[in-house]
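**Student:** My structure is stored as coords_29.csv, with CSV, C-alpha atoms.
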```csv
chain,number,residue,atom,x,y,z
A,1,MET,CA,2.2,-23.0,18.2
A,2,CYS,CA,2.9,-22.6,14.5
A,3,GLY,CA,3.9,-25.9,13.0
A,4,ALA,CA,4.1,-27.0,9.4
A,5,ASN,CA,1.6,-25.5,7.1
A,6,PRO,CA,0.8,-28.2,4.6
A,7,GLU,CA,-0.4,-25.7,2.0
A,8,ARG,CA,2.7,-23.5,2.1
A,9,SER,CA,5.0,-25.9,0.3
A,10,GLN,CA,2.9,-25.7,-2.8
A,11,THR,CA,2.1,-22.0,-2.7
A,12,GLY,CA,4.2,-19.3,-4.2
A,13,ASP,CA,6.1,-21.9,-6.1
A,14,TYR,CA,4.1,-21.5,-9.3
A,15,ALA,CA,3.9,-18.4,-11.5
A,16,ILE,CA,1.6,-16.9,-14.0
A,17,THR,CA,3.7,-14.9,-16.4
A,18,GLY,CA,2.9,-13.1,-19.6
A,19,THR,CA,3.3,-10.0,-21.7
A,20,VAL,CA,1.1,-7.1,-22.8
A,21,VAL,CA,1.4,-6.0,-26.4
A,22,VAL,CA,-0.4,-2.9,-27.5
A,23,ASP,CA,-0.4,-1.8,-31.2
A,24,GLY,CA,2.3,-4.3,-32.0
A,25,GLU,CA,4.7,-3.2,-29.3
A,26,ARG,CA,5.4,-4.6,-25.8
A,27,LYS,CA,3.8,-2.1,-23.4
A,28,ALA,CA,5.7,-1.0,-20.3
A,29,GLY,CA,3.7,0.3,-17.3
A,30,ALA,CA,0.4,-1.4,-18.2
A,31,TYR,CA,-1.7,-2.3,-15.1
A,32,VAL,CA,-2.3,-6.0,-14.7
A,33,ARG,CA,-4.4,-7.4,-11.8
A,34,LEU,CA,-4.7,-10.9,-10.5
A,35,LEU,CA,-8.0,-12.1,-9.2
A,36,ASP,CA,-8.7,-15.4,-7.4
A,37,LYS,CA,-11.3,-17.9,-8.4
A,38,ASN,CA,-14.0,-15.9,-6.6
A,39,GLY,CA,-13.1,-12.8,-8.6
A,40,GLU,CA,-11.5,-11.2,-5.5
A,41,PHE,CA,-8.5,-8.9,-6.0
A,42,VAL,CA,-5.1,-10.6,-5.1
A,43,ALA,CA,-2.4,-8.4,-6.6
A,44,GLU,CA,-1.6,-5.8,-9.1
A,45,SER,CA,1.6,-4.9,-10.9
A,46,PRO,CA,2.6,-2.6,-13.7
A,47,THR,CA,4.4,-4.4,-16.6
A,48,SER,CA,8.2,-4.2,-16.8
A,49,LYS,CA,10.1,-2.3,-19.5
A,50,GLY,CA,9.7,-5.3,-21.7
A,51,GLY,CA,6.0,-5.4,-21.1
A,52,ALA,CA,6.1,-8.5,-18.9
A,53,PHE,CA,4.4,-9.4,-15.6
A,54,ALA,CA,4.6,-12.2,-13.1
A,55,PHE,CA,2.5,-13.4,-10.2
A,56,PHE,CA,3.5,-16.1,-7.7
A,57,VAL,CA,0.5,-18.3,-7.0
A,58,ALA,CA,-0.9,-21.6,-5.9
A,59,GLN,CA,-2.4,-24.3,-8.1
A,60,GLY,CA,-5.9,-23.5,-9.2
A,61,SER,CA,-8.0,-21.1,-11.3
A,62,TRP,CA,-7.1,-17.5,-11.7
A,63,THR,CA,-8.1,-14.4,-13.7
A,64,VAL,CA,-5.6,-11.9,-15.0
A,65,ARG,CA,-7.1,-8.5,-15.8
A,66,LEU,CA,-5.5,-5.9,-18.0
A,67,VAL,CA,-6.8,-2.5,-16.9
A,68,LEU,CA,-6.9,0.0,-19.8
A,69,PRO,CA,-8.4,3.5,-20.1
A,70,SER,CA,-11.0,2.1,-22.4
A,71,GLY,CA,-12.0,-0.7,-20.0
A,72,SER,CA,-10.7,-4.0,-18.8
A,73,ILE,CA,-9.8,-7.3,-20.5
A,74,ASP,CA,-10.0,-10.5,-18.4
A,75,ARG,CA,-8.2,-13.8,-19.2
A,76,SER,CA,-8.9,-17.0,-17.2
A,77,THR,CA,-6.0,-19.4,-16.6
A,78,VAL,CA,-5.4,-22.6,-14.6
A,79,VAL,CA,-2.2,-23.4,-12.9
A,80,VAL,CA,-1.7,-27.2,-12.6
A,81,ASP,CA,2.0,-27.8,-12.2
A,82,GLN,CA,5.4,-26.2,-11.9
A,83,ALA,CA,5.3,-25.1,-15.5
A,84,GLY,CA,2.9,-22.4,-14.3
A,85,SER,CA,0.9,-20.7,-16.9
A,86,THR,CA,1.3,-18.0,-19.5
A,87,VAL,CA,-1.1,-15.2,-20.3
A,88,GLU,CA,-0.7,-13.0,-23.3
A,89,PHE,CA,-2.6,-9.8,-24.0
A,90,VAL,CA,-2.5,-8.4,-27.5
A,91,VAL,CA,-4.5,-5.2,-27.9
B,1,MET,CA,-11.1,14.9,9.1
B,2,SER,CA,-13.2,14.0,6.2
B,3,ARG,CA,-12.8,13.0,2.5
B,4,THR,CA,-12.8,16.6,1.2
B,5,ASP,CA,-10.1,17.6,3.7
B,6,VAL,CA,-7.7,14.9,2.7
B,7,LEU,CA,-8.3,13.9,-0.9
B,8,VAL,CA,-7.8,16.0,-4.0
B,9,ASN,CA,-8.5,15.1,-7.7
B,10,ALA,CA,-6.6,15.9,-10.9
B,11,GLU,CA,-8.6,19.1,-11.5
B,12,TRP,CA,-7.5,20.4,-8.1
B,13,VAL,CA,-3.9,19.5,-8.8
B,14,LEU,CA,-4.0,21.3,-12.2
B,15,ALA,CA,-5.7,24.3,-10.7
B,16,HIS,CA,-2.8,24.6,-8.2
B,17,ALA,CA,0.0,23.9,-10.6
B,18,SER,CA,1.6,27.3,-10.2
B,19,ASP,CA,0.8,27.7,-6.5
B,20,PRO,CA,4.2,28.1,-4.8
B,21,ASN,CA,2.6,26.9,-1.5
B,22,VAL,CA,1.6,23.5,-3.0
B,23,VAL,CA,4.2,20.8,-3.4
B,24,LEU,CA,3.5,17.6,-5.2
B,25,ILE,CA,5.4,14.5,-4.1
B,26,GLU,CA,5.6,11.2,-5.9
B,27,VAL,CA,6.3,8.1,-3.7
B,28,ASP,CA,6.4,4.8,-5.5
B,29,GLU,CA,7.1,1.2,-4.6
B,30,ASP,CA,9.0,1.2,-7.9
B,31,VAL,CA,11.3,4.1,-7.2
B,32,SER,CA,12.4,4.3,-10.8
B,33,ALA,CA,8.8,5.2,-12.0
B,34,TYR,CA,9.4,8.9,-11.3
B,35,ASP,CA,12.2,8.9,-13.9
B,36,THR,CA,10.0,7.6,-16.7
B,37,GLY,CA,7.6,10.5,-16.1
B,38,HIS,CA,5.8,12.3,-13.3
B,39,ILE,CA,3.2,15.0,-12.8
B,40,ALA,CA,4.7,18.4,-13.7
B,41,GLY,CA,6.2,20.0,-10.7
B,42,ALA,CA,6.4,16.9,-8.6
B,43,VAL,CA,9.4,16.0,-6.5
B,44,ARG,CA,10.4,12.5,-5.6
B,45,VAL,CA,10.6,10.9,-2.2
B,46,ASP,CA,12.2,7.5,-2.2
B,47,TRP,CA,10.5,5.4,0.4
B,48,ARG,CA,13.7,3.3,1.0
B,49,GLN,CA,16.4,5.9,1.0
B,50,ASP,CA,14.4,8.9,2.4
B,51,LEU,CA,11.9,7.2,4.7
B,52,GLN,CA,13.8,4.3,6.2
B,53,ASP,CA,16.6,4.7,8.7
B,54,PRO,CA,19.8,3.6,6.9
B,55,VAL,CA,21.1,1.5,9.7
B,56,ARG,CA,18.3,0.1,11.9
B,57,ARG,CA,14.8,-0.9,11.0
B,58,ASP,CA,12.9,2.3,11.9
B,59,LEU,CA,11.6,5.5,10.6
B,60,VAL,CA,14.2,8.2,9.9
B,61,THR,CA,14.9,10.5,12.8
B,62,PRO,CA,13.0,13.7,13.2
B,63,GLU,CA,16.2,15.5,12.2
B,64,ALA,CA,16.5,13.5,9.0
B,65,PHE,CA,12.8,14.1,8.2
B,66,ALA,CA,13.2,17.9,8.7
B,67,ALA,CA,16.3,17.7,6.4
B,68,LEU,CA,14.3,15.8,3.7
B,69,LEU,CA,11.5,18.4,3.7
B,70,SER,CA,14.0,21.3,3.8
B,71,LYS,CA,15.9,19.9,0.8
B,72,ASN,CA,12.6,19.7,-1.2
B,73,GLY,CA,11.6,23.2,-0.4
B,74,ILE,CA,8.8,22.3,1.9
B,75,GLY,CA,8.0,24.6,4.9
B,76,PRO,CA,5.7,23.9,7.8
B,77,ASP,CA,2.8,25.8,6.1
B,78,THR,CA,3.3,24.1,2.7
B,79,THR,CA,0.4,22.1,1.3
B,80,VAL,CA,1.9,18.7,0.4
B,81,VAL,CA,0.0,16.5,-2.1
B,82,LEU,CA,1.2,12.9,-2.2
B,83,TYR,CA,0.6,10.5,-5.0
B,84,GLY,CA,2.1,7.3,-6.3
B,85,GLY,CA,1.8,4.0,-8.0
B,86,ASN,CA,0.3,0.7,-6.8
B,87,ASN,CA,-3.0,2.3,-5.8
B,88,ASN,CA,-1.2,4.9,-3.6
B,89,TRP,CA,0.2,2.3,-1.2
B,90,PHE,CA,3.5,4.2,-0.5
B,91,ALA,CA,1.9,7.6,-1.0
B,92,ALA,CA,-0.5,6.6,1.8
B,93,TYR,CA,2.5,5.4,3.9
B,94,ALA,CA,4.1,8.8,3.3
B,95,TYR,CA,0.9,10.5,4.3
B,96,TRP,CA,0.8,8.6,7.6
B,97,TYR,CA,4.5,9.5,8.0
B,98,PHE,CA,3.9,13.2,7.4
B,99,LYS,CA,1.1,13.2,10.0
B,100,LEU,CA,3.2,11.2,12.4
B,101,TYR,CA,5.8,13.9,12.2
B,102,GLY,CA,3.2,16.7,12.6
B,103,HIS,CA,2.9,18.0,9.1
B,104,ASP,CA,-0.9,18.3,9.0
B,105,ASN,CA,-1.2,20.2,5.7
B,106,VAL,CA,-1.0,17.1,3.6
B,107,LYS,CA,-3.4,15.5,1.1
B,108,LEU,CA,-3.6,12.5,-1.2
B,109,LEU,CA,-4.3,12.5,-4.9
B,110,ASP,CA,-7.3,10.2,-5.3
B,111,GLY,CA,-6.4,7.3,-7.6
B,112,GLY,CA,-2.7,8.3,-7.6
B,113,ARG,CA,-0.5,7.7,-10.5
B,114,LYS,CA,-2.6,5.0,-12.0
B,115,LYS,CA,-5.8,7.1,-12.5
B,116,TRP,CA,-3.7,10.0,-13.8
B,117,GLU,CA,-2.2,7.6,-16.4
B,118,LEU,CA,-5.5,5.9,-17.2
B,119,ASP,CA,-7.1,9.3,-17.8
B,120,GLY,CA,-4.3,10.1,-20.3
B,121,ARG,CA,-3.0,13.0,-18.4
B,122,GLU,CA,0.5,14.5,-19.0
B,123,LEU,CA,3.6,13.2,-17.4
B,124,VAL,CA,6.9,15.0,-17.7
B,125,THR,CA,10.6,14.1,-17.0
B,126,GLU,CA,11.7,17.6,-16.0
B,127,VAL,CA,12.8,17.7,-12.4
B,128,PRO,CA,11.8,20.8,-10.6
B,129,VAL,CA,14.2,22.9,-8.6
B,130,ARG,CA,12.9,24.3,-5.4
B,131,ALA,CA,14.7,26.7,-3.0
B,132,ALA,CA,15.6,24.9,0.2
B,133,THR,CA,13.8,25.7,3.4
B,134,ASP,CA,14.7,25.4,7.1
B,135,TYR,CA,12.1,22.9,8.3
B,136,PRO,CA,11.9,22.7,12.1
B,137,VAL,CA,12.7,19.4,13.7
B,138,PRO,CA,9.3,17.8,14.5
B,139,THR,CA,8.1,15.6,17.4
B,140,GLU,CA,6.8,12.2,16.7
B,141,ARG,CA,3.0,11.8,17.4
B,142,VAL,CA,3.2,8.4,19.0
B,143,GLU,CA,-0.5,8.0,19.1
B,144,LEU,CA,-0.6,7.3,15.4
B,145,ARG,CA,1.8,4.3,15.6
B,146,SER,CA,1.7,0.9,17.3
B,147,LYS,CA,4.8,-1.0,18.2
B,148,ARG,CA,5.5,-4.7,18.8
B,149,ASP,CA,4.8,-4.9,22.6
B,150,GLU,CA,1.6,-2.9,22.3
B,151,VAL,CA,0.4,-5.2,19.5
B,152,ILE,CA,1.1,-8.4,21.6
B,153,ALA,CA,-0.8,-6.8,24.5
B,154,ALA,CA,-3.7,-6.0,22.2
B,155,ILE,CA,-4.4,-9.6,21.2
B,156,GLY,CA,-8.0,-10.4,22.1
B,157,LYS,CA,-8.6,-6.9,23.5
B,158,VAL,CA,-8.2,-4.4,20.7
B,159,GLN,CA,-9.5,-4.5,17.2
B,160,LEU,CA,-6.7,-5.8,15.0
B,161,ILE,CA,-7.2,-5.5,11.3
B,162,ASP,CA,-4.9,-7.5,8.9
B,163,VAL,CA,-5.2,-5.8,5.5
B,164,ARG,CA,-3.2,-8.3,3.5
B,165,SER,CA,-4.7,-10.7,1.0
B,166,PRO,CA,-6.6,-13.7,2.2
B,167,ASP,CA,-3.7,-16.0,1.2
B,168,GLU,CA,-1.2,-14.0,3.2
B,169,TYR,CA,-3.6,-13.9,6.2
B,170,SER,CA,-4.2,-17.6,6.2
B,171,GLY,CA,-0.5,-18.4,5.8
B,172,ARG,CA,-0.6,-19.7,2.3
B,173,LEU,CA,1.7,-16.9,1.1
B,174,LEU,CA,4.3,-14.8,2.8
B,175,ALA,CA,4.1,-11.8,0.5
B,176,PRO,CA,1.8,-10.3,-2.1
B,177,ALA,CA,1.5,-12.5,-5.1
B,178,HIS,CA,3.4,-10.1,-7.4
B,179,LEU,CA,6.4,-10.0,-5.1
B,180,PRO,CA,9.1,-12.6,-4.3
B,181,GLN,CA,8.1,-14.9,-1.5
B,182,GLU,CA,10.4,-14.1,1.3
B,183,GLN,CA,10.7,-12.1,4.6
B,184,SER,CA,9.1,-13.4,7.8
B,185,GLN,CA,10.0,-16.7,9.5
B,186,ARG,CA,6.4,-17.8,9.9
B,187,PRO,CA,3.3,-17.5,7.8
B,188,GLY,CA,-0.1,-16.7,9.3
B,189,HIS,CA,-1.6,-13.8,11.2
B,190,ILE,CA,-1.9,-12.2,14.7
B,191,PRO,CA,-4.6,-14.2,16.5
B,192,THR,CA,-8.0,-12.4,16.7
B,193,ALA,CA,-7.2,-10.1,13.8
B,194,SER,CA,-9.9,-9.7,11.2
B,195,ASN,CA,-9.0,-9.8,7.6
B,196,VAL,CA,-10.1,-6.9,5.4
B,197,PRO,CA,-7.8,-6.6,2.4
B,198,TRP,CA,-6.8,-3.0,1.6
B,199,SER,CA,-8.0,-3.6,-1.9
B,200,LYS,CA,-11.6,-3.7,-0.9
B,201,ALA,CA,-11.4,0.0,0.0
B,202,ALA,CA,-10.4,0.9,-3.6
B,203,ASN,CA,-11.9,0.9,-7.0
B,204,ASP,CA,-10.2,-0.6,-10.0
B,205,ASP,CA,-8.8,2.8,-10.9
B,206,GLY,CA,-7.2,3.2,-7.5
B,207,THR,CA,-9.7,5.8,-6.2
B,208,PHE,CA,-11.3,5.2,-2.8
B,209,LYS,CA,-14.8,3.9,-2.5
B,210,SER,CA,-17.6,6.0,-1.2
B,211,ASP,CA,-17.9,6.7,2.5
B,212,ALA,CA,-21.1,4.6,2.7
B,213,ASP,CA,-19.4,1.6,1.0
B,214,LEU,CA,-16.4,2.0,3.3
B,215,VAL,CA,-18.5,2.1,6.4
B,216,GLU,CA,-20.4,-1.0,5.3
B,217,LEU,CA,-17.1,-2.8,4.5
B,218,TYR,CA,-15.6,-2.3,7.9
B,219,THR,CA,-18.7,-2.7,10.0
B,220,THR,CA,-19.6,-5.9,8.2
B,221,ALA,CA,-16.2,-7.2,9.1
B,222,GLY,CA,-17.0,-6.5,12.8
B,223,LEU,CA,-15.1,-3.3,13.4
B,224,THR,CA,-16.7,-0.7,15.6
B,225,GLU,CA,-16.0,3.0,15.1
B,226,GLY,CA,-14.2,4.6,18.0
B,227,ALA,CA,-12.9,1.4,19.5
B,228,PRO,CA,-9.1,1.2,19.6
B,229,THR,CA,-7.9,-0.3,16.3
B,230,ILE,CA,-4.5,-1.4,15.0
B,231,ALA,CA,-4.0,-2.0,11.3
B,232,TYR,CA,-1.1,-4.0,10.0
B,233,CYS,CA,0.1,-5.8,6.8
B,234,ARG,CA,3.5,-7.0,5.8
B,235,ILE,CA,5.7,-3.9,6.0
B,236,GLY,CA,3.2,-1.2,7.0
B,237,GLU,CA,2.4,0.4,3.7
B,238,ARG,CA,-0.9,-1.3,2.8
B,239,SER,CA,-2.0,-0.8,6.4
B,240,ALA,CA,-1.2,2.9,6.0
B,241,HIS,CA,-3.7,2.8,3.2
B,242,THR,CA,-6.3,1.3,5.5
B,243,TRP,CA,-5.3,3.7,8.3
B,244,PHE,CA,-5.9,6.5,5.9
B,245,VAL,CA,-9.3,5.2,5.1
B,246,LEU,CA,-10.4,4.7,8.7
B,247,HIS,CA,-8.7,7.7,10.4
B,248,GLU,CA,-8.6,10.3,7.6
B,249,VAL,CA,-11.5,9.6,5.2
B,250,LEU,CA,-14.0,8.2,7.7
B,251,GLY,CA,-12.7,10.2,10.7
B,252,TRP,CA,-12.5,7.2,13.1
B,253,ASP,CA,-10.5,7.9,16.2
B,254,ASN,CA,-8.0,5.6,17.9
B,255,VAL,CA,-6.7,4.0,14.8
B,256,THR,CA,-3.0,3.3,14.6
B,257,ASN,CA,-0.6,1.7,12.0
B,258,TYR,CA,1.7,-1.1,13.1
B,259,ASP,CA,4.5,-0.5,10.7
B,260,GLY,CA,6.6,-3.4,12.0
B,261,SER,CA,3.7,-5.5,10.6
B,262,TRP,CA,4.1,-9.2,9.7
B,263,THR,CA,7.8,-9.0,8.7
B,264,GLU,CA,8.4,-8.2,12.4
B,265,TYR,CA,5.6,-10.1,14.1
B,266,GLY,CA,6.1,-13.3,12.0
B,267,SER,CA,9.7,-13.4,13.0
B,268,LEU,CA,9.2,-12.9,16.8
B,269,VAL,CA,10.1,-15.8,19.1
B,270,GLY,CA,7.4,-17.0,21.4
B,271,VAL,CA,4.4,-15.0,20.3
B,272,PRO,CA,1.0,-16.6,19.3
B,273,VAL,CA,0.4,-17.1,15.6
B,274,GLN,CA,-2.8,-18.2,13.9
B,275,ILE,CA,-2.8,-20.2,10.7
B,276,GLY,CA,-5.9,-20.5,8.4
B,277,ASP,CA,-8.8,-18.4,7.5
B,278,ALA,CA,-10.3,-18.0,11.0
B,279,ALA,CA,-9.4,-15.1,13.2
B,280,GLY,CA,-8.6,-17.6,16.0
B,281,SER,CA,-8.4,-17.3,19.8
B,282,PRO,CA,-5.7,-15.3,21.6
B,283,ALA,CA,-3.6,-18.4,22.0
B,284,GLY,CA,-3.3,-18.9,18.3
B,285,GLY,CA,-2.9,-22.2,16.5
B,286,GLY,CA,-4.6,-23.8,13.6
B,287,ALA,CA,-1.7,-25.6,12.0
```
For this file, write the structure as structure tokens.

**Tutor:**
Amino acid sequence: MCGANPERSQTGDYAITGTVVVDGERKAGAYVRLLDKNGEFVAESPTSKGGAFAFFVAQGSWTVRLVLPSGSIDRSTVVVDQAGSTVEFVV
Amino acid sequence: MSRTDVLVNAEWVLAHASDPNVVLIEVDEDVSAYDTGHIAGAVRVDWRQDLQDPVRRDLVTPEAFAALLSKNGIGPDTTVVLYGGNNNWFAAYAYWYFKLYGHDNVKLLDGGRKKWELDGRELVTEVPVRAATDYPVPTERVELRSKRDEVIAAIGKVQLIDVRSPDEYSGRLLAPAHLPQEQSQRPGHIPTASNVPWSKAANDDGTFKSDADLVELYTTAGLTEGAPTIAYCRIGERSAHTWFVLHEVLGWDNVTNYDGSWTEYGSLVGVPVQIGDAAGSPAGGGA
């Protein structure tokens, strides 16, 4: 009924991580969104006390969006292997 | 019900800041967010400690709910305004919970904590002290909640709406991408369920989309107003968000929240599961 899912083993094993720095300081509680390759919303998380965020993803192309009062900043990234990818926002 | 009955904005909250009959409640996925700052006058409800039975997996008892409201100075006639982080996921869950236990005078702050913060509005750390009340023990409105056996019987017969992300629906992920991948035994979705992610009902700032956009969203996905509908997600909080949209904002009847959701269904033995992006047939499959 529900056998092996060939895609599952490679999904959620990779991570996009990063930090948000505003005016020279790591920003806690900043809103960071993950969008898929079609621009569809996948997840959103506020940054940690240290201004960090992490998303568990599959291989492929992603967009990380920082939502600010003044507007949004998008960063594209590609996850190719277990090293994942890192996205830094400096505002 | 309509949008104006169930949603308030920041101006409404500020205009009622000194109204003793209005109680603001913050409910967050991250229960520590309240300590870093909250809207002045708001009390905290902890969705784990206050809204989950401490022993079995279930809502707290009617007696415990009455005690929670009494402790926070809420009476049967108090207007409760809920808000929280993560686009009001857990505030919407609490809203459903309050309705389930018969507290009808409840509203949601549109956009929740995020819009409040993005608009640069004040947050305080002072914790309000409210005189305790003696809230009467409520009766559960079972018509707002679906349970496991009802969901299994609904496959292929009732509108099932899975509001998780497409990757969770298809079985490529077991949890939202920003959370640890754990929980249910099997990935996938309940056969015949359509997939309308909760996020499609909200704008970037967390506010709800217009009624016209929402109706188009759900009708395009094949849902029919008035037909029995069961919403589910992983643990019942995102589906409470969609339940709020369908039942409270749009005023559709016959909509329930399956709060057992995928963490329950995906661990059941012997039930049909569908893998992949298609809704599938009642028998499930697709691996």

**Student:** Would you work out the distance separating CA of Asn257 (chain B) from CA of Arg145 (chain B), expressed in Å to one decimal?

**Tutor:**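 For CA of Asn257 (chain B) relative to CA of Arg145 (chain B), the distance reads 5.0 Å.
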
**Student:** For chain A, which of B:Val27, B:Val129, B:Leu118, B:Val269 is the closest residue, counting only C-alpha atoms?

**Tutor:**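 Among B:Val27, B:Val129, B:Leu118, B:Val269, it is B:Leu118 that comes nearest to chain A.
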
**Student:** Name the residues in contact with Ser267 (chain B) at a cut-off of 7 Å, using only C-alpha atoms, excluding same-chain residues fewer than 5 positions from it; report them as a list in words.

**Tutor:** Ser184, Gln185 and Arg186 of chain B

**Student:** Residues of chain B within 9 Å of chain A, counting all atoms listed in the file, what are they? List them as a VMD selection string.

**Tutor:** chain B and resid 33 85 to 87 114 to 115 117 to 120 165 to 167 171 to 181 186 to 188 197 199 to 200 204 to 205 270 to 275 283 to 287

**Student:** State, in Å with one decimal place, the distance from CA of Val45 (chain B) to CA of Leu82 (chain B).

**Tutor:**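 It comes out at 9.6 Å.
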
**Student:** What is the distance between CA of Arg121 (chain B) and CA of Lys209 (chain B), in Å to one decimal?

**Tutor:** 21.8 Å

**Student:** Excluding region 18-23 of chain A and its own-chain neighbours fewer than 3 positions away, which residues fall within 10 Å of it when counting all atoms listed in the file? Please give them as a list in words.

**Tutor:** Ala15, Arg26, Lys27, Ala28, Gly29, Ala30, Tyr31, Val32, Thr47, Ser48, Gly50, Gly51, Ala52, Phe53, Ala54, Phe55, Val64, Leu66, Ser85, Thr86, Val87, Glu88, Phe89, Val90 and Val91 of chain A
